[in-house]
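> Below are the C-alpha cells for one structure; questions will follow.
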Amino acid sequence: MRDGETSDAAWAVMEPLLPPVGRARGRWRDHRQVLEGIVFQFRTGLPWRDVPERFGPWRTAHGRFARWAAEGTFDRLLAAAESQAEVDWAGRGRFHDRAGSSAHGCQGGSKNVGSDAPAAD
C-alpha cells in the first residue's frame with residue numbers, strides 16, 4: 001500500500017456504500033482505483049488533469065466524483081468515515097464542501113464567478 005492509499009480495512013467499510021459496479025460502454029474502471037484518484041486530487045489540490053495515470057484516466061475520476069456527489073454517495077462515505085476509525089482522509093472538509101454542493105463547479109468548466117470583466121450590454 002502506498003502512502004495515503006486506502007487500507008483494506010477502510011475499503012471494507014466503503015465498498016458497500018458505493019454504487020454497483022457496471023460495464024457502461026465497454027471497460028469499467030475499478031471503484032477503488034477511481035476513489036484513490038479522487039482522494040489524491042483532494043489531498044494535493046492538483047487540477048484533475050494532473051491526477052497520476054496510476055489512478056486511471058482523470059476524466060473517469062472527475063466524472064465519477066461528480067456523479068457520486070450528486071447522488072449522495074459521498075455523503076454516505078463521509079458519514080462512514082466519521083464513524084469508523086479505519087477511514088482517515090486528510091481534507092475531509094474539502095470532501096464535504098464539494099460533495100455537499102452536488103458537485104458544484106464540476107461540470108462545464110470554469111464559471112468565471114466574480115469576474116472583473118465588464119458586463120456585456
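Naming works like this for the C-alpha cells: A, B, ... for the chains as they're shown, residue 1 at the start of each chain, ligands 1 onward in shown order.
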Excluding same-chain residues fewer than 2 positions from Leu17 of chain A, what lies within 9 Å of it counting only C-alpha atoms, as a list in words?
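My list of contacting residues is Val13, Met14, Glu15, Pro19, Thr73, Phe74, Arg76, Leu77 and Ala80 of chain A.
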> Give me, as a PDB file with all heavy atoms, in the first residue's frame, all polymer residues having an atom no more than 6 Å from Trp58 of chain A, counting only C-alpha atoms and skipping those fewer than 2 positions away in the same chain.

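Output contents, as saved in out.pdb:
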ATOM      1  N   TRP A  48      -7.600  18.322 -11.909  1.00  0.00           N
ATOM      2  CA  TRP A  48      -7.984  16.958 -12.256  1.00  0.00           C
ATOM      3  C   TRP A  48      -7.066  16.380 -13.331  1.00  0.00           C
ATOM      4  O   TRP A  48      -6.691  15.218 -13.274  1.00  0.00           O
ATOM      5  CB  TRP A  48      -9.437  16.914 -12.732  1.00  0.00           C
ATOM      6  CG  TRP A  48     -10.414  17.026 -11.616  1.00  0.00           C
ATOM      7  CD1 TRP A  48     -11.136  18.128 -11.262  1.00  0.00           C
ATOM      8  CD2 TRP A  48     -10.790  16.009 -10.684  1.00  0.00           C
ATOM      9  NE1 TRP A  48     -11.925  17.852 -10.168  1.00  0.00           N
ATOM     10  CE2 TRP A  48     -11.735  16.552  -9.798  1.00  0.00           C
ATOM     11  CE3 TRP A  48     -10.415  14.675 -10.513  1.00  0.00           C
ATOM     12  CZ2 TRP A  48     -12.316  15.831  -8.775  1.00  0.00           C
ATOM     13  CZ3 TRP A  48     -10.999  13.950  -9.492  1.00  0.00           C
ATOM     14  CH2 TRP A  48     -11.933  14.535  -8.633  1.00  0.00           C
ATOM     15  N   ARG A  49      -6.697  17.172 -14.306  1.00  0.00           N
ATOM     16  CA  ARG A  49      -5.857  16.697 -15.417  1.00  0.00           C
ATOM     17  C   ARG A  49      -4.481  16.219 -14.949  1.00  0.00           C
ATOM     18  O   ARG A  49      -3.814  15.482 -15.665  1.00  0.00           O
ATOM     19  CB  ARG A  49      -5.651  17.798 -16.450  1.00  0.00           C
ATOM     20  CG  ARG A  49      -6.885  18.107 -17.224  1.00  0.00           C
ATOM     21  CD  ARG A  49      -6.614  19.240 -18.214  1.00  0.00           C
ATOM     22  NE  ARG A  49      -7.823  19.635 -18.882  1.00  0.00           N
ATOM     23  CZ  ARG A  49      -8.189  19.180 -20.082  1.00  0.00           C
ATOM     24  NH1 ARG A  49      -7.426  18.336 -20.718  1.00  0.00           N
ATOM     25  NH2 ARG A  49      -9.308  19.583 -20.622  1.00  0.00           N
ATOM     26  N   VAL A  51      -3.923  14.412 -12.137  1.00  0.00           N
ATOM     27  CA  VAL A  51      -4.005  13.209 -11.310  1.00  0.00           C
ATOM     28  C   VAL A  51      -3.188  12.122 -12.017  1.00  0.00           C
ATOM     29  O   VAL A  51      -3.355  11.899 -13.215  1.00  0.00           O
ATOM     30  CB  VAL A  51      -5.475  12.765 -11.120  1.00  0.00           C
ATOM     31  CG1 VAL A  51      -5.566  11.401 -10.456  1.00  0.00           C
ATOM     32  CG2 VAL A  51      -6.230  13.806 -10.296  1.00  0.00           C
ATOM     33  N   THR A  60     -12.328   9.929 -15.828  1.00  0.00           N
ATOM     34  CA  THR A  60     -13.098   8.917 -15.105  1.00  0.00           C
ATOM     35  C   THR A  60     -13.254   9.324 -13.647  1.00  0.00           C
ATOM     36  O   THR A  60     -14.355   9.284 -13.088  1.00  0.00           O
ATOM     37  CB  THR A  60     -12.421   7.541 -15.209  1.00  0.00           C
ATOM     38  OG1 THR A  60     -12.340   7.178 -16.587  1.00  0.00           O
ATOM     39  CG2 THR A  60     -13.191   6.478 -14.448  1.00  0.00           C
ATOM     40  N   ALA A  61     -12.148   9.733 -13.011  1.00  0.00           N
ATOM     41  CA  ALA A  61     -12.203  10.148 -11.606  1.00  0.00           C
ATOM     42  C   ALA A  61     -13.094  11.374 -11.440  1.00  0.00           C
ATOM     43  O   ALA A  61     -13.954  11.415 -10.551  1.00  0.00           O
ATOM     44  CB  ALA A  61     -10.795  10.436 -11.082  1.00  0.00           C
TER      45      ALA A  61
END
> Can you pull out the residues contacting Val34 of chain A? Cut-off 9 Å, using only C-alpha atoms, and skip same-chain residues under 2 positions away; I want them as a list of chain:residue names.
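Once the adjacent positions are removed, what remains is A:Arg29, A:Asp30, A:His31, A:Arg32, A:Glu36, A:Gly37, A:Ile38, A:Val39, A:Phe55, A:Gly56, A:Pro57, A:Trp58, A:Thr60, A:Ala61, A:His62, A:Arg64, A:Phe65.
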> Pull the alpha helix (DSSP H) assignments for segment 30-75 of chain A out of DSSP run on the backbone, and list those residues as a ChimeraX atom specification.
/A:31-44,58-70,73-75
> Measuring atom to atom with only C-alpha atoms, identify which of A:Ala79, A:Arg67, A:Gly72, A:Gln33 is nearest to Glu53 of chain A.
A:Gln33
